[in-house]
$ cat my_file-v7.txt   # compact mmCIF, C-alpha atoms
# COMPACT_ATOMS: atom_id res chain seq x y z
CA MET A 1 15.29 -2.44 7.93
CA ASN A 2 11.95 -2.06 6.15
CA VAL A 3 11.26 -4.81 3.59
CA LEU A 4 8.49 -4.48 1.04
CA GLY A 5 6.49 -7.65 0.61
CA GLN A 6 3.08 -9.23 0.18
CA HIS A 7 1.46 -12.45 1.19
CA CYS A 8 1.10 -15.07 -1.51
CA PRO A 9 -2.48 -15.09 -2.84
CA HIS A 10 -2.40 -18.92 -2.89
CA CYS A 11 -0.68 -20.17 0.29
CA ASN A 12 -0.72 -16.88 2.27
CA LYS A 13 2.98 -17.17 3.14
CA PHE A 14 5.17 -14.07 2.91
CA ALA A 15 6.65 -13.24 -0.49
CA THR A 16 9.41 -10.89 -1.52
CA VAL A 17 10.08 -8.62 -4.47
CA ARG A 18 12.60 -10.24 -6.80
CA THR A 19 12.84 -7.32 -9.21
CA SER A 20 10.91 -4.25 -10.30
CA GLU A 21 10.47 -1.86 -13.20
CA ILE A 22 9.84 1.88 -13.03
CA VAL A 23 6.85 2.80 -15.21
CA SER A 24 6.57 6.44 -14.13
CA PRO A 25 7.49 8.60 -11.13
CA THR A 26 4.33 7.32 -9.40
CA MET A 27 4.10 3.72 -10.72
CA ARG A 28 6.33 0.69 -10.32
CA ILE A 29 5.79 -2.92 -11.47
CA LEU A 30 6.88 -5.44 -8.82
CA TYR A 31 7.72 -9.10 -9.46
CA PHE A 32 7.00 -11.21 -6.37
CA GLN A 33 8.11 -14.71 -5.45
CA CYS A 34 6.56 -16.77 -2.66
CA ARG A 35 9.08 -17.75 0.02
CA ASP A 36 7.42 -21.14 0.48
CA ILE A 37 9.40 -23.40 -1.87
CA THR A 38 6.58 -25.95 -1.98
CA CYS A 39 4.25 -23.24 -3.35
CA GLY A 40 6.69 -21.42 -5.66
CA HIS A 41 4.12 -18.96 -6.97
CA THR A 42 5.45 -15.86 -8.76
CA TRP A 43 3.29 -12.91 -9.78
CA VAL A 44 3.24 -9.27 -10.80
CA SER A 45 1.83 -6.41 -8.71
CA HIS A 46 1.62 -2.68 -9.24
CA LEU A 47 2.75 -0.16 -6.65
CA GLU A 48 1.26 3.26 -7.24
CA ALA A 49 1.36 6.56 -5.38
CA VAL A 50 -2.25 7.82 -5.46
CA ARG A 51 -2.41 10.90 -3.21
CA THR A 52 -0.32 13.10 -0.95
CA VAL A 53 -0.66 12.94 2.83
CA SER A 54 2.19 15.35 3.61
CA PRO A 55 3.68 17.57 0.87
CA ALA A 56 7.26 17.00 -0.27
CA SER A 57 9.85 19.57 0.70
CA ILE A 58 11.54 19.02 -2.68
CA PRO A 59 8.57 18.50 -5.06
CA ASN A 60 9.01 16.99 -8.51
CA PRO A 61 7.29 19.38 -10.97
CA ASN A 62 6.29 16.39 -13.13
CA VAL A 63 4.36 14.67 -10.33
CA HIS A 64 0.76 15.71 -9.70
CA LEU A 65 -0.84 13.81 -6.82
CA PRO A 66 -4.07 15.04 -5.22
CA MET A 67 -3.86 16.13 -1.61
CA SER A 68 -5.68 13.99 0.95
CA THR A 69 -8.26 15.81 2.97
CA LYS A 70 -7.84 15.91 6.73
CA ALA A 71 -11.08 13.95 7.15
CA GLU A 72 -9.78 11.15 4.89
CA ILE A 73 -6.53 10.94 6.83
CA ILE A 74 -8.37 10.78 10.17
CA ARG A 75 -10.74 8.07 8.89
CA GLN A 76 -7.83 6.00 7.57
CA ARG A 77 -5.94 6.25 10.86
CA LEU A 78 -9.05 5.30 12.85
CA ALA A 79 -9.79 2.36 10.55
CA ALA A 80 -6.21 1.10 10.84
CA SER A 81 -6.24 1.23 14.63
CA SER A 82 -9.89 0.44 15.40
CA ASP A 83 -10.87 -2.48 17.58
CA PRO A 84 -13.96 -4.26 16.18
CA ARG A 85 -15.09 -5.00 19.76
CA GLN A 86 -15.47 -1.27 20.48
CA LEU A 87 -18.57 0.78 19.69
CA SER A 88 -18.19 3.35 16.92
CA LEU A 89 -18.91 7.05 17.45
CA ASP A 90 -18.97 7.57 13.67
CA HIS A 91 -22.61 8.32 12.83
CA GLU A 92 -21.97 8.82 9.10
CA ASN A 93 -22.35 5.10 8.32
CA GLU A 94 -25.63 4.53 10.17

$ encode --input "my_file-v7.txt" --output "structure tokens"
Amino acid sequence: MNVLGQHCPHCNKFATVRTSEIVSPTMRILYFQCRDITCGHTWVSHLEAVRTVSPASIPNPNVHLPMSTKAEIIRQRLAASSDPRQLSLDHENE
């Protein structure tokens, strides 16, 4: 099971969504609660779809998300899996 959550900005313990509100087809307001009862922090976050990586097979005509470029997708995947101890072959940032 996949559970959506965040770490508490104060104690860094895992927090869970207690409830949410749909603002639009691409935006949701999430109400989080820290799982650490000694912390007890609750806060609001926004979850927003910002671009498409793979097109929907049943698209909603009211949703208009820009398509990610292949270069952006490759950079994101490399950044997510890169090991900081390895040398980079990316010469764009030199």

$ closest_residue --input "my_file-v7.txt" --among "A:Thr26, A:Ser54, A:Ser20, A:Asn12" --to "His41 of chain A" --atoms "all atoms listed in the file"
A:Asn12

$ atom_distance --input "my_file-v7.txt" --atom1 "atom CA of Met27 of chain A" --atom2 "atom CA of Val50 of chain A"
9.2 Å

$ closest_residue --input "my_file-v7.txt" --among "A:Ala15, A:Arg75, A:Phe32, A:Pro25" --to "Asn62 of chain A" --atoms "all atoms listed in the file"
A:Pro25

$ residues_around --input "my_file-v7.txt" --residues "Leu47 of chain A" --least-positions-apart "4" --cutoff "12 Å" --atoms "all atoms listed in the file" --output "list in words"
Leu4, Gly5, Gln6, Val17, Ser20, Glu21, Ile22, Val23, Ser24, Pro25, Thr26, Met27, Arg28, Ile29, Leu30, Tyr31 and Phe32 of chain A

$ atom_distance --input "my_file-v7.txt" --atom1 "atom CA of Thr69 of chain A" --atom2 "atom CA of Val53 of chain A"
8.1 Å

$ closest_residue --input "my_file-v7.txt" --among "A:Ser57, A:Thr52, A:Thr16, A:Ser68" --to "Cys34 of chain A" --atoms "only C-alpha atoms"
A:Thr16

$ atom_distance --input "my_file-v7.txt" --atom1 "atom CA of Arg35 of chain A" --atom2 "atom CA of Glu48 of chain A"
23.6 Å

$ residues_around --input "my_file-v7.txt" --residues "Thr38 of chain A" --least-positions-apart "6" --cutoff "12 Å" --atoms "all atoms listed in the file" --output "JSON, numbers by chain"
{"A": [10, 11, 13]}

$ build_atoms --input "my_file-v7.txt" --residues "segment 44-75 of chain A" --atoms "N, CA and C atoms" --output "short mmCIF file (atom, residue, chain, number, x, y, z; two decimals), keeping the file's coordinate frame"
data_model
loop_
_atom_site.label_atom_id
_atom_site.label_comp_id
_atom_site.auth_asym_id
_atom_site.auth_seq_id
_atom_site.Cartn_x
_atom_site.Cartn_y
_atom_site.Cartn_z
N VAL A 44 2.95 -10.68 -10.56
CA VAL A 44 3.24 -9.27 -10.80
C VAL A 44 2.21 -8.43 -10.06
N SER A 45 2.69 -7.39 -9.38
CA SER A 45 1.83 -6.41 -8.71
C SER A 45 2.23 -5.01 -9.15
N HIS A 46 1.32 -4.08 -8.97
CA HIS A 46 1.62 -2.68 -9.24
C HIS A 46 1.67 -1.91 -7.93
N LEU A 47 2.64 -1.05 -7.80
CA LEU A 47 2.75 -0.16 -6.65
C LEU A 47 2.59 1.26 -7.18
N GLU A 48 1.57 1.95 -6.69
CA GLU A 48 1.26 3.26 -7.24
C GLU A 48 1.03 4.28 -6.13
N ALA A 49 1.64 5.44 -6.26
CA ALA A 49 1.36 6.56 -5.38
C ALA A 49 0.06 7.19 -5.88
N VAL A 50 -0.95 7.34 -5.01
CA VAL A 50 -2.25 7.82 -5.46
C VAL A 50 -2.65 9.19 -4.91
N ARG A 51 -2.12 9.56 -3.73
CA ARG A 51 -2.41 10.90 -3.21
C ARG A 51 -1.37 11.27 -2.16
N THR A 52 -1.30 12.55 -1.88
CA THR A 52 -0.32 13.10 -0.95
C THR A 52 -0.95 13.24 0.43
N VAL A 53 -0.23 12.77 1.45
CA VAL A 53 -0.66 12.94 2.83
C VAL A 53 0.08 14.14 3.43
N SER A 54 1.37 14.24 3.15
CA SER A 54 2.19 15.35 3.61
C SER A 54 3.02 15.82 2.42
N PRO A 55 2.97 17.09 2.07
CA PRO A 55 3.68 17.57 0.87
C PRO A 55 5.20 17.38 0.96
N ALA A 56 5.81 17.15 -0.19
CA ALA A 56 7.26 17.00 -0.27
C ALA A 56 7.95 18.34 -0.08
N SER A 57 9.09 18.33 0.55
CA SER A 57 9.85 19.57 0.70
C SER A 57 10.67 19.86 -0.56
N ILE A 58 10.86 18.85 -1.39
CA ILE A 58 11.54 19.02 -2.68
C ILE A 58 10.63 18.41 -3.76
N PRO A 59 9.54 19.08 -4.14
CA PRO A 59 8.57 18.50 -5.06
C PRO A 59 9.12 18.33 -6.47
N ASN A 60 8.69 17.24 -7.11
CA ASN A 60 9.01 16.99 -8.51
C ASN A 60 7.94 17.70 -9.34
N PRO A 61 8.30 18.64 -10.20
CA PRO A 61 7.29 19.38 -10.97
C PRO A 61 6.50 18.50 -11.95
N ASN A 62 6.99 17.29 -12.22
CA ASN A 62 6.29 16.39 -13.13
C ASN A 62 5.31 15.46 -12.42
N VAL A 63 5.25 15.54 -11.10
CA VAL A 63 4.36 14.67 -10.33
C VAL A 63 3.18 15.50 -9.82
N HIS A 64 1.98 15.01 -10.11
CA HIS A 64 0.76 15.71 -9.70
C HIS A 64 -0.14 14.71 -8.97
N LEU A 65 -0.02 14.68 -7.65
CA LEU A 65 -0.84 13.81 -6.82
C LEU A 65 -1.83 14.66 -6.03
N PRO A 66 -3.10 14.25 -6.00
CA PRO A 66 -4.07 15.04 -5.22
C PRO A 66 -3.74 14.98 -3.73
N MET A 67 -4.09 16.04 -3.05
CA MET A 67 -3.86 16.13 -1.61
C MET A 67 -5.00 15.43 -0.88
N SER A 68 -4.66 14.61 0.11
CA SER A 68 -5.68 13.99 0.95
C SER A 68 -6.31 15.05 1.83
N THR A 69 -7.61 14.89 2.05
CA THR A 69 -8.26 15.81 2.97
C THR A 69 -7.99 15.34 4.40
N LYS A 70 -8.08 16.25 5.34
CA LYS A 70 -7.84 15.91 6.73
C LYS A 70 -8.83 14.84 7.20
N ALA A 71 -10.08 14.93 6.76
CA ALA A 71 -11.08 13.95 7.15
C ALA A 71 -10.70 12.55 6.65
N GLU A 72 -10.20 12.45 5.42
CA GLU A 72 -9.78 11.15 4.89
C GLU A 72 -8.64 10.56 5.71
N ILE A 73 -7.68 11.40 6.05
CA ILE A 73 -6.53 10.94 6.83
C ILE A 73 -6.98 10.44 8.20
N ILE A 74 -7.87 11.19 8.85
CA ILE A 74 -8.37 10.78 10.17
C ILE A 74 -9.12 9.47 10.07
N ARG A 75 -9.99 9.31 9.06
CA ARG A 75 -10.74 8.07 8.89
C ARG A 75 -9.81 6.88 8.65
#
